[in-house]
file work_19.tsv (TSV, C-alpha atoms and all ligand atoms)
chain	number	residue	atom	x	y	z
A	18	MET	CA	117.65	84.03	67.70
A	19	TYR	CA	117.35	86.42	70.59
A	20	LYS	CA	116.48	85.75	74.20
A	21	ILE	CA	113.17	87.58	74.50
A	22	MET	CA	113.09	89.73	77.64
A	23	THR	CA	110.43	92.17	76.50
A	24	PRO	CA	107.20	92.96	78.38
A	25	GLY	CA	105.28	90.94	75.83
A	26	PRO	CA	105.40	89.03	73.70
A	27	THR	CA	107.34	86.79	76.08
A	28	GLN	CA	109.22	83.52	75.75
A	29	VAL	CA	107.08	80.53	74.79
A	30	ARG	CA	107.76	77.15	76.39
A	31	GLU	CA	108.28	74.15	74.14
A	32	ASN	CA	105.15	72.33	75.31
A	33	VAL	CA	103.06	75.34	74.24
A	34	ARG	CA	104.66	75.39	70.82
A	35	MET	CA	104.13	71.64	70.46
A	36	ALA	CA	100.48	71.90	71.51
A	37	ARG	CA	99.93	74.24	68.59
A	38	SER	CA	101.01	71.50	66.20
A	39	LEU	CA	98.54	68.87	67.43
A	40	GLU	CA	95.99	67.43	65.06
A	41	CYS	CA	92.99	69.65	64.31
A	42	THR	CA	89.30	68.95	64.15
A	43	ASN	CA	86.58	71.15	62.68
A	44	PRO	CA	85.98	73.46	65.65
A	45	ASP	CA	82.57	74.54	64.32
A	46	LEU	CA	81.19	71.02	64.20
A	47	ASP	CA	83.02	68.85	66.71
A	48	PRO	CA	81.20	68.65	70.06
A	49	GLU	CA	84.48	67.71	71.75
A	50	PHE	CA	85.90	71.06	70.77
A	51	PHE	CA	82.97	72.88	72.39
A	52	ASP	CA	83.80	71.02	75.60
A	53	TYR	CA	87.48	71.79	75.21
A	54	TYR	CA	86.81	75.49	74.62
A	55	ARG	CA	84.49	75.72	77.62
A	56	GLU	CA	86.93	73.84	79.89
A	57	THR	CA	89.70	76.20	78.80
A	58	CYS	CA	87.50	79.19	79.59
A	59	ARG	CA	86.70	77.70	83.00
A	60	LEU	CA	90.38	77.18	83.67
A	61	ILE	CA	90.92	80.91	83.09
A	62	SER	CA	88.02	81.80	85.40
A	63	GLY	CA	89.51	79.55	88.09
A	64	LEU	CA	92.97	81.08	87.80
A	65	LEU	CA	91.43	84.55	88.10
A	66	HIS	CA	89.30	83.52	91.10
A	67	THR	CA	85.94	84.20	89.55
A	68	GLU	CA	82.65	82.46	88.97
A	69	ASN	CA	82.11	84.74	85.96
A	70	GLU	CA	82.08	83.29	82.49
A	71	THR	CA	85.23	83.66	80.41
A	72	LEU	CA	85.16	83.99	76.63
A	73	ILE	CA	88.21	83.47	74.46
A	74	LEU	CA	88.09	85.74	71.41
A	75	GLY	CA	89.96	85.18	68.18
A	76	GLY	CA	92.08	88.30	68.18
A	77	GLU	CA	95.01	89.96	69.91
A	78	GLY	CA	94.75	91.73	73.32
A	79	ILE	CA	93.40	94.95	71.87
A	80	LEU	CA	90.26	93.12	70.71
A	81	GLY	CA	89.34	92.36	74.33
A	82	LEU	CA	89.53	96.04	75.27
A	83	GLU	CA	87.52	97.10	72.25
A	84	ALA	CA	84.94	94.35	72.78
A	85	ALA	CA	84.36	95.44	76.38
A	86	CYS	CA	83.82	99.06	75.31
A	87	ALA	CA	81.81	98.21	72.19
A	88	SER	CA	79.48	95.93	74.13
A	89	LEU	CA	78.86	98.27	77.07
A	90	THR	CA	78.80	101.70	75.44
A	91	GLU	CA	75.65	103.25	74.06
A	92	PRO	CA	75.83	106.68	72.42
A	93	GLY	CA	75.86	109.36	75.12
A	94	ASP	CA	76.78	107.01	77.98
A	95	PRO	CA	78.98	108.67	80.59
A	96	VAL	CA	82.18	106.69	81.14
A	97	LEU	CA	84.98	107.26	83.62
A	98	VAL	CA	88.47	106.69	82.22
A	99	VAL	CA	91.26	106.39	84.76
A	100	ASP	CA	94.33	107.93	83.18
A	101	ASN	CA	97.74	107.47	84.71
A	102	GLY	CA	99.42	105.94	81.69
A	103	VAL	CA	99.33	105.33	77.96
A	104	PHE	CA	96.90	102.40	78.01
A	105	GLY	CA	94.76	104.11	80.66
A	106	ARG	CA	94.33	107.16	78.44
A	107	GLY	CA	93.98	104.95	75.36
A	108	PHE	CA	90.72	103.45	76.64
A	109	ALA	CA	89.08	106.80	75.84
A	110	ASP	CA	89.54	106.13	72.11
A	111	PHE	CA	87.43	102.98	72.30
A	112	VAL	CA	84.81	104.60	74.51
A	113	GLU	CA	84.46	107.56	72.13
A	114	LEU	CA	84.49	105.39	69.04
A	115	TYR	CA	81.24	103.84	70.28
A	116	GLY	CA	79.72	107.18	71.27
A	117	GLY	CA	80.53	107.26	75.00
A	118	LYS	CA	81.17	110.55	76.80
A	119	VAL	CA	84.50	110.40	78.60
A	120	THR	CA	85.37	111.92	81.94
A	121	TYR	CA	88.95	111.43	83.06
A	122	TYR	CA	90.23	110.75	86.50
A	123	ARG	CA	93.89	111.69	86.18
A	124	SER	CA	96.64	110.85	88.59
A	125	SER	CA	100.42	110.95	88.50
A	126	CYS	CA	102.01	108.74	85.82
A	127	THR	CA	105.07	108.11	88.01
A	128	LYS	CA	103.58	107.55	91.47
A	129	ALA	CA	101.20	104.94	92.84
A	130	LEU	CA	97.57	106.01	92.61
A	131	ASP	CA	96.26	107.49	95.85
A	132	MET	CA	93.11	105.64	96.90
A	133	GLU	CA	92.04	108.45	99.23
A	134	ASP	CA	92.10	110.92	96.38
A	135	PHE	CA	90.21	108.49	94.14
A	136	ARG	CA	87.54	108.00	96.81
A	137	GLY	CA	87.23	111.76	97.17
A	138	PHE	CA	86.82	112.16	93.41
A	139	LEU	CA	84.09	109.52	93.30
A	140	LYS	CA	82.20	111.18	96.12
A	141	GLU	CA	81.81	114.23	93.87
A	142	HIS	CA	81.57	112.50	90.48
A	143	HIS	CA	79.88	109.15	90.20
A	144	ASP	CA	77.29	109.37	87.48
A	145	PHE	CA	78.96	106.85	85.18
A	146	LYS	CA	77.76	103.70	83.48
A	147	TYR	CA	81.16	102.10	83.74
A	148	ALA	CA	84.80	102.87	84.40
A	149	THR	CA	87.94	101.69	82.63
A	150	LEU	CA	91.03	100.77	84.63
A	151	VAL	CA	94.42	99.39	83.69
A	152	HIS	CA	96.09	96.95	86.06
A	153	CYS	CA	99.69	97.32	84.84
A	154	ASP	CA	100.15	100.19	82.38
A	155	THR	CA	103.00	98.50	80.53
A	156	PRO	CA	104.74	101.47	78.86
A	157	SER	CA	105.57	102.90	82.32
A	158	GLY	CA	105.09	99.75	84.44
A	159	ILE	CA	102.75	101.41	86.91
A	160	LEU	CA	100.53	99.01	88.86
A	161	ASN	CA	97.05	100.12	89.87
A	162	PRO	CA	95.09	98.77	92.87
A	163	VAL	CA	92.28	97.63	90.57
A	164	GLU	CA	90.50	95.48	93.14
A	165	ASP	CA	90.21	98.33	95.65
A	166	MET	CA	89.22	100.75	92.90
A	167	SER	CA	86.63	98.42	91.47
A	168	ARG	CA	85.06	97.76	94.88
A	169	GLU	CA	84.85	101.51	95.41
A	170	LEU	CA	83.26	102.07	91.99
A	171	HIS	CA	80.67	99.42	92.80
A	172	ARG	CA	79.53	101.37	95.81
A	173	TYR	CA	78.16	103.86	93.27
A	174	GLY	CA	76.77	101.20	90.95
A	175	ILE	CA	79.47	101.81	88.35
A	176	LEU	CA	80.48	98.78	86.26
A	177	THR	CA	84.20	98.17	85.83
A	178	VAL	CA	86.37	97.15	82.91
A	179	VAL	CA	89.95	96.22	83.78
A	180	ASP	CA	92.79	95.74	81.31
A	181	SER	CA	95.03	93.24	83.10
A	182	VAL	CA	96.74	92.08	79.92
A	183	SER	CA	100.26	92.62	81.24
A	184	ALA	CA	99.61	91.93	84.94
A	185	MET	CA	97.46	88.81	85.31
A	186	PHE	CA	99.37	85.66	86.24
A	187	GLY	CA	102.36	87.79	87.26
A	188	GLU	CA	100.51	89.90	89.83
A	189	PRO	CA	97.70	88.70	92.11
A	190	LEU	CA	94.22	89.26	90.70
A	191	SER	CA	90.98	88.13	92.35
A	192	VAL	CA	88.17	89.15	90.08
A	193	ASP	CA	85.27	88.26	92.38
A	194	ALA	CA	86.86	89.71	95.50
A	195	GLY	CA	87.44	92.92	93.51
A	196	ARG	CA	83.94	92.78	92.01
A	197	ILE	CA	85.41	93.43	88.58
A	198	ASP	CA	82.80	93.15	85.84
A	199	ILE	CA	85.02	92.67	82.82
A	200	VAL	CA	88.68	91.71	82.90
A	201	CYS	CA	90.68	91.62	79.68
A	202	GLY	CA	93.70	89.35	79.24
A	203	GLY	CA	96.03	88.43	76.42
A	204	SER	CA	97.98	85.36	75.38
A	205	GLN	CA	101.37	86.96	74.90
A	206	LYS	CA	102.24	88.52	78.26
A	207	ALA	CA	102.67	86.66	81.57
A	208	LEU	CA	100.72	83.71	80.18
A	209	SER	CA	103.53	83.16	77.70
A	210	ALA	CA	101.67	81.85	74.70
A	211	PRO	CA	102.28	83.44	71.30
A	212	PRO	CA	100.29	86.57	70.43
A	213	GLY	CA	96.90	86.13	68.81
A	214	LEU	CA	94.31	85.53	71.52
A	215	THR	CA	92.48	87.63	74.03
A	216	PHE	CA	89.99	86.58	76.67
A	217	VAL	CA	87.49	88.39	78.84
A	218	THR	CA	85.66	87.46	82.04
A	219	VAL	CA	82.15	88.91	82.09
A	220	SER	CA	79.94	89.35	85.16
A	221	GLU	CA	76.19	88.82	85.14
A	222	ALA	CA	75.70	92.54	85.77
A	223	ALA	CA	77.78	93.40	82.69
A	224	LYS	CA	75.80	90.90	80.60
A	225	LYS	CA	72.56	92.44	81.82
A	226	ALA	CA	73.77	95.91	80.90
A	227	MET	CA	74.54	94.64	77.39
A	228	GLU	CA	71.19	92.93	77.04
A	229	LYS	CA	69.29	95.97	78.32
A	230	ARG	CA	70.71	98.27	75.65
A	231	LYS	CA	68.30	100.34	73.60
A	232	THR	CA	70.68	100.53	70.67
A	233	ARG	CA	72.48	97.71	68.87
A	234	ILE	CA	76.12	96.98	69.55
A	235	ALA	CA	77.90	98.69	66.65
A	236	SER	CA	80.17	95.76	65.87
A	237	PHE	CA	79.97	92.06	65.21
A	238	TYR	CA	83.54	90.99	65.95
A	239	ALA	CA	83.70	93.10	69.12
A	240	ASN	CA	80.21	92.14	70.31
A	241	LEU	CA	80.39	89.93	73.39
A	242	LEU	CA	76.71	89.02	73.17
A	243	VAL	CA	77.24	87.03	69.97
A	244	PHE	CA	78.72	84.29	72.19
A	245	LYS	CA	75.51	83.98	74.20
A	246	ASP	CA	74.54	80.31	74.68
A	247	TYR	CA	77.27	79.19	72.28
A	248	TYR	CA	77.61	75.92	74.22
A	249	GLU	CA	73.92	75.08	74.35
A	250	LYS	CA	73.55	75.96	70.69
A	251	GLN	CA	76.88	74.34	69.77
A	252	TRP	CA	77.50	77.35	67.61
A	253	PHE	CA	80.41	79.82	67.59
A	254	PRO	CA	79.90	83.24	66.03
A	255	TYR	CA	83.02	82.65	63.93
A	256	THR	CA	85.42	79.76	63.46
A	257	MET	CA	87.68	79.47	66.50
A	258	PRO	CA	91.46	79.39	65.99
A	259	ILE	CA	91.81	75.88	67.32
A	260	SER	CA	95.61	75.61	67.29
A	261	ASP	CA	96.00	78.92	69.09
A	262	ILE	CA	93.54	77.69	71.73
A	263	LYS	CA	95.46	74.43	72.19
A	264	GLY	CA	98.61	76.45	72.81
A	265	LEU	CA	96.74	78.73	75.20
A	266	ARG	CA	95.37	75.74	77.12
A	267	THR	CA	98.85	74.32	77.64
A	268	ALA	CA	100.15	77.71	78.74
A	269	LEU	CA	97.29	77.94	81.26
A	270	GLU	CA	98.14	74.48	82.56
A	271	ASN	CA	101.76	75.58	82.94
A	272	VAL	CA	100.59	78.60	84.94
A	273	LYS	CA	98.33	76.47	87.13
A	274	ALA	CA	101.11	73.99	87.91
A	275	ASP	CA	103.56	76.77	88.80
A	276	THR	CA	102.46	77.49	92.34
A	277	ALA	CA	105.53	79.59	93.16
A	278	ARG	CA	104.78	81.93	90.26
A	279	LEU	CA	103.56	85.04	92.07
A	280	LYS	CA	106.30	84.86	94.69
A	281	ARG	CA	108.92	84.47	91.98
A	282	HIS	CA	107.60	87.48	90.06
A	283	ALA	CA	107.72	89.55	93.26
A	284	ARG	CA	111.27	88.45	94.03
A	285	LEU	CA	112.58	89.00	90.48
A	286	GLY	CA	110.82	92.36	90.19
A	287	GLU	CA	112.45	93.49	93.42
A	288	MET	CA	115.83	92.10	92.34
A	289	THR	CA	115.67	93.89	88.98
A	290	ARG	CA	114.74	97.24	90.50
A	291	LYS	CA	117.56	96.97	92.99
A	292	ALA	CA	120.11	95.86	90.39
A	293	VAL	CA	119.41	98.70	87.96
A	294	GLN	CA	119.62	101.26	90.74
A	295	ASP	CA	122.92	99.71	91.88
A	296	MET	CA	124.18	100.30	88.33
A	297	GLY	CA	123.47	103.98	88.84
A	298	LEU	CA	120.36	103.98	86.67
A	299	SER	CA	117.05	105.59	87.62
A	300	LEU	CA	113.73	103.86	87.59
A	301	TYR	CA	110.98	105.68	85.71
A	302	LEU	CA	108.56	105.27	88.61
A	303	GLU	CA	108.85	106.54	92.16
A	304	SER	CA	106.31	104.02	93.45
A	305	GLY	CA	103.60	101.68	92.23
A	306	PHE	CA	105.89	99.16	90.56
A	307	SER	CA	104.51	96.16	88.73
A	308	ASN	CA	106.53	93.01	89.22
A	309	THR	CA	106.03	92.09	85.57
A	310	VAL	CA	108.13	94.84	83.98
A	311	THR	CA	110.89	97.27	85.01
A	312	VAL	CA	111.04	100.62	83.26
A	313	ILE	CA	114.36	102.45	83.34
A	314	ARG	CA	115.13	106.03	82.37
A	315	VAL	CA	117.67	106.29	79.56
A	316	PRO	CA	120.81	107.83	81.06
A	317	GLU	CA	121.99	111.20	79.79
A	318	ARG	CA	124.05	111.13	76.62
A	319	ARG	CA	122.85	107.63	75.78
A	320	SER	CA	120.19	106.66	73.32
A	321	ALA	CA	117.52	104.04	73.89
A	322	ALA	CA	117.88	102.78	70.31
A	323	ASP	CA	121.62	102.29	70.73
A	324	ILE	CA	121.23	100.38	74.01
A	325	LEU	CA	118.58	98.09	72.54
A	326	GLU	CA	120.62	97.50	69.40
A	327	ARG	CA	123.75	96.61	71.36
A	328	MET	CA	121.83	94.30	73.70
A	329	LYS	CA	120.74	92.40	70.61
A	330	LYS	CA	124.02	92.49	68.70
A	331	GLU	CA	126.45	91.90	71.55
A	332	HIS	CA	124.34	89.78	73.89
A	333	HIS	CA	121.50	88.35	71.77
A	334	ILE	CA	118.96	89.66	74.24
A	335	MET	CA	115.94	91.65	73.23
A	336	ILE	CA	114.63	94.21	75.68
A	337	ALA	CA	112.18	96.94	74.73
A	338	GLY	CA	111.93	100.68	74.38
A	339	SER	CA	108.56	102.28	74.93
A	340	PHE	CA	106.06	104.28	72.91
A	341	ASP	CA	103.78	107.28	72.85
A	342	VAL	CA	105.06	109.98	75.26
A	343	LEU	CA	107.71	107.58	76.57
A	344	ALA	CA	109.32	106.79	73.21
A	345	GLY	CA	113.09	107.20	73.49
A	346	GLN	CA	112.82	108.11	77.18
A	347	VAL	CA	112.97	104.68	78.76
A	348	ILE	CA	114.01	101.09	78.22
A	349	ARG	CA	112.02	98.17	79.59
A	350	ILE	CA	112.87	94.70	80.84
A	351	GLY	CA	109.95	92.29	80.84
A	352	HIS	CA	110.34	89.78	83.66
A	353	MET	CA	106.95	88.16	83.35
A	354	GLY	CA	105.77	84.66	82.57
A	355	GLU	CA	108.45	82.44	81.07
A	356	ASN	CA	110.89	85.38	81.11
A	357	ALA	CA	110.70	85.34	84.90
A	358	THR	CA	113.57	83.03	85.73
A	359	GLU	CA	116.47	84.07	87.87
A	360	ALA	CA	118.97	82.91	85.23
A	361	ASP	CA	117.44	84.96	82.41
A	362	VAL	CA	116.92	88.06	84.50
A	363	LYS	CA	120.50	87.93	85.81
A	364	GLU	CA	121.89	87.40	82.32
A	365	THR	CA	119.91	90.39	81.07
A	366	LEU	CA	121.09	92.61	83.91
A	367	GLN	CA	124.72	91.61	83.38
A	368	ALA	CA	124.44	92.31	79.66
A	369	LEU	CA	122.88	95.71	80.34
A	370	ARG	CA	125.69	96.54	82.73
A	371	LYS	CA	128.28	95.68	80.08
A	372	VAL	CA	126.52	97.73	77.41
A	373	LEU	CA	126.35	100.74	79.69
A	374	GLU	CA	129.97	100.45	80.83
A	375	SER	CA	131.38	100.77	77.32
B	401	LIG	C1	100.15	94.32	75.53
B	401	LIG	C2	99.03	95.03	76.10
B	401	LIG	C3	97.81	95.08	75.45
B	401	LIG	C4	97.60	94.39	74.14
B	401	LIG	O1	98.00	95.17	73.11
B	401	LIG	P1	99.29	95.09	72.18
B	401	LIG	O2	98.74	95.15	70.81
B	401	LIG	O3	100.03	93.82	72.45
B	401	LIG	O4	100.08	96.30	72.51
B	401	LIG	C5	96.77	95.74	76.07
B	401	LIG	N1	96.94	96.35	77.26
B	401	LIG	C6	98.11	96.34	77.91
B	401	LIG	C7	98.24	97.02	79.24
B	401	LIG	C8	99.20	95.68	77.34
B	401	LIG	O5	100.38	95.65	77.98
call {"tool": "encode", "arguments": {"input": "work_19.tsv", "output": "structure tokens"}}
result
Amino acid sequence: MYKIMTPGPTQVRENVRMARSLECTNPDLDPEFFDYYRETCRLISGLLHTENETLILGGEGILGLEAACASLTEPGDPVLVVDNGVFGRGFADFVELYGGKVTYYRSSCTKALDMEDFRGFLKEHHDFKYATLVHCDTPSGILNPVEDMSRELHRYGILTVVDSVSAMFGEPLSVDAGRIDIVCGGSQKALSAPPGLTFVTVSEAAKKAMEKRKTRIASFYANLLVFKDYYEKQWFPYTMPISDIKGLRTALENVKADTARLKRHARLGEMTRKAVQDMGLSLYLESGFSNTVTVIRVPERRSAADILERMKKEHHIMIAGSFDVLAGQVIRIGHMGENATEADVKETLQALRKVLES
């Protein structure tokens, strides 16, 4: 067994694992489960500081992103895709899959996004139905000011979809204050439940845009409207993964009880960045660091694969490489959720030091 220090999936606490083994009911027929599901959704809305409805979908994080795009996009709709990382750019695939016409706003992949520049861009180009933003673009660890961006987009009547899968619960996120229409989250990042669930918060304006469509949503599984009035009707569009949801609920309760969580993430993020630089390593980013993950350039004459392999073999710690354009270029330490303890982060940093010294 390895100590998991990857930027998702993360370590899973015992009470979450135990919750997944509790007795099951028939989630399609038991009214108590409808209450339990809705309370769990409301717990998520509360933690994200929003009055908007949350829906938990039976699928991994990617389903949330696809569902947001599938439900909002009609063929020919103009959509703004903010691209300063792999996930940012990746949103374009979903938008195009459902017939949307993508315009990119591109900014540096290694430096914090410049709000002034973004405002200037929007002044010139703002004829979009919605915009896609990524909170923490995990392959590089860049953190975007999604609340400021979303408020700015709203000034032009542009709806916003934010992928906060690897930031929420490790970085502050106030959905209503940011006027974010759809936020996508996942079970396996800072929430520290096993992979398998995604959830989305959906504003009234986003629901209206979906209901006003002239064309049908070209999906069933990724259609957010199929959940409409599920509670009143006591009817789910498909059978809910009850054990996964019990685990998720416990993980959410863990998050809620952990009031020092955001401060701890900030402190451990800072500590990790300082420690790797003290080792003589370079951070991938110049600025715009997320406190959920640290991304480190692979030193010259070393290979990412070799470092990761030795971390596992010699120290039983799993850290991550990256993918897409960053494959082989960087290694990543995930200090989010249950990984974010001083003991585990220090142990990981000491192990990395030893691997790099020999
Ligand atoms: C992890 C993650 C997702 C979910 O997708 P995976 O299949 O787990 O890669 C979506 N967006 C971001 C930013 C993520 O970090």
call {"tool": "residues_near_ligand", "arguments": {"input": "work_19.tsv", "ligand": "ligand LIG 401 (chain B)", "cutoff": "8 Å", "atoms": "only C-alpha atoms and all ligand atoms", "output": "CSV table (one decimal) with C-alpha atoms, in the coordinates of the input"}}
result
chain,number,residue,atom,x,y,z
A,24,PRO,CA,107.2,93.0,78.4
A,25,GLY,CA,105.3,90.9,75.8
A,26,PRO,CA,105.4,89.0,73.7
A,77,GLU,CA,95.0,90.0,69.9
A,78,GLY,CA,94.8,91.7,73.3
A,79,ILE,CA,93.4,95.0,71.9
A,82,LEU,CA,89.5,96.0,75.3
A,104,PHE,CA,96.9,102.4,78.0
A,151,VAL,CA,94.4,99.4,83.7
A,152,HIS,CA,96.1,97.0,86.1
A,153,CYS,CA,99.7,97.3,84.8
A,154,ASP,CA,100.2,100.2,82.4
A,155,THR,CA,103.0,98.5,80.5
A,156,PRO,CA,104.7,101.5,78.9
A,180,ASP,CA,92.8,95.7,81.3
A,181,SER,CA,95.0,93.2,83.1
A,182,VAL,CA,96.7,92.1,79.9
A,183,SER,CA,100.3,92.6,81.2
A,184,ALA,CA,99.6,91.9,84.9
A,202,GLY,CA,93.7,89.4,79.2
A,203,GLY,CA,96.0,88.4,76.4
A,205,GLN,CA,101.4,87.0,74.9
A,206,LYS,CA,102.2,88.5,78.3
A,212,PRO,CA,100.3,86.6,70.4
call {"tool": "closest_residue", "arguments": {"input": "work_19.tsv", "among": "A:Arg30, A:Gln367, A:Cys41, A:Ser307", "to": "Asp295 of chain A", "atoms": "only C-alpha atoms"}}
result
A:Gln367
call {"tool": "closest_residue", "arguments": {"input": "work_19.tsv", "among": "A:Thr27, A:Ser167, A:Asn43, A:Gln251", "to": "Arg136 of chain A", "atoms": "all atoms listed in the file"}}
result
A:Ser167
call {"tool": "residues_around", "arguments": {"input": "work_19.tsv", "residues": "Glu31 of chain A", "least_positions_apart": "4", "cutoff": "12 Å", "atoms": "all atoms listed in the file", "output": "mmCIF file with C-alpha atoms, keeping the file's coordinate frame"}}
result
data_model
loop_
_atom_site.group_PDB
_atom_site.id
_atom_site.type_symbol
_atom_site.label_atom_id
_atom_site.label_comp_id
_atom_site.auth_asym_id
_atom_site.auth_seq_id
_atom_site.Cartn_x
_atom_site.Cartn_y
_atom_site.Cartn_z
ATOM 1 C CA MET A 35 104.130 71.640 70.460
ATOM 2 C CA ALA A 36 100.480 71.900 71.510
ATOM 3 C CA ARG A 37 99.930 74.240 68.590
ATOM 4 C CA SER A 38 101.010 71.500 66.200
ATOM 5 C CA SER A 209 103.530 83.160 77.700
ATOM 6 C CA ALA A 210 101.670 81.850 74.700
ATOM 7 C CA PRO A 211 102.280 83.440 71.300
ATOM 8 C CA GLY A 264 98.610 76.450 72.810
ATOM 9 C CA THR A 267 98.850 74.320 77.640
ATOM 10 C CA ALA A 268 100.150 77.710 78.740
ATOM 11 C CA ASN A 271 101.760 75.580 82.940
ATOM 12 C CA GLU A 355 108.450 82.440 81.070
#
call {"tool": "closest_residue", "arguments": {"input": "work_19.tsv", "among": "A:Cys58, A:Lys363, A:Leu242, A:Gly213", "to": "Ser260 of chain A", "atoms": "only C-alpha atoms"}}
result
A:Gly213
call {"tool": "residues_near_point", "arguments": {"input": "work_19.tsv", "point": "(113.3, 106.1, 81.8)", "cutoff": "12 Å", "atoms": "only C-alpha atoms", "output": "MDAnalysis selection string"}}
result
chainID A and resid 127 156:158 293:294 298:303 311:317 319:321 337:340 342:350
call {"tool": "atom_distance", "arguments": {"input": "work_19.tsv", "atom1": "atom CA of Thr177 of chain A", "atom2": "atom CA of Ile197 of chain A"}}
result
5.6 Å
call {"tool": "residues_around", "arguments": {"input": "work_19.tsv", "residues": "Asp45 of chain A", "least_positions_apart": "2", "cutoff": "7 Å", "atoms": "all atoms listed in the file", "output": "list in words"}}
result
Asn43, Asp47, Trp252, Phe253 and Thr256 of chain A
call {"tool": "write_last_selection", "arguments": {"input": "work_19.tsv", "atoms": "C-alpha atoms", "output": "tab-separated table (two decimals), in the coordinates of the input"}}
result
chain	number	residue	atom	x	y	z
A	43	ASN	CA	86.58	71.15	62.68
A	47	ASP	CA	83.02	68.85	66.71
A	252	TRP	CA	77.50	77.35	67.61
A	253	PHE	CA	80.41	79.82	67.59
A	256	THR	CA	85.42	79.76	63.46
call {"tool": "residues_around", "arguments": {"input": "work_19.tsv", "residues": "segment 84-92 of chain A", "least_positions_apart": "6", "cutoff": "8 Å", "atoms": "all atoms listed in the file", "output": "number ranges by chain"}}
result
A: 111-112, 115-118, 178, 199, 223, 226-227, 230-232, 234-236, 238-242
call {"tool": "residues_near_point", "arguments": {"input": "work_19.tsv", "point": "(93.2, 105.7, 94.1)", "cutoff": "9 Å", "atoms": "all atoms listed in the file", "output": "short mmCIF file (atom, residue, chain, number, x, y, z; two decimals) with C-alpha atoms, in the coordinates of the input"}}
result
data_model
loop_
_atom_site.label_atom_id
_atom_site.label_comp_id
_atom_site.auth_asym_id
_atom_site.auth_seq_id
_atom_site.Cartn_x
_atom_site.Cartn_y
_atom_site.Cartn_z
CA SER A 124 96.64 110.85 88.59
CA ALA A 129 101.20 104.94 92.84
CA LEU A 130 97.57 106.01 92.61
CA ASP A 131 96.26 107.49 95.85
CA MET A 132 93.11 105.64 96.90
CA GLU A 133 92.04 108.45 99.23
CA ASP A 134 92.10 110.92 96.38
CA PHE A 135 90.21 108.49 94.14
CA ARG A 136 87.54 108.00 96.81
CA ASN A 161 97.05 100.12 89.87
CA PRO A 162 95.09 98.77 92.87
CA VAL A 163 92.28 97.63 90.57
CA ASP A 165 90.21 98.33 95.65
CA MET A 166 89.22 100.75 92.90
#
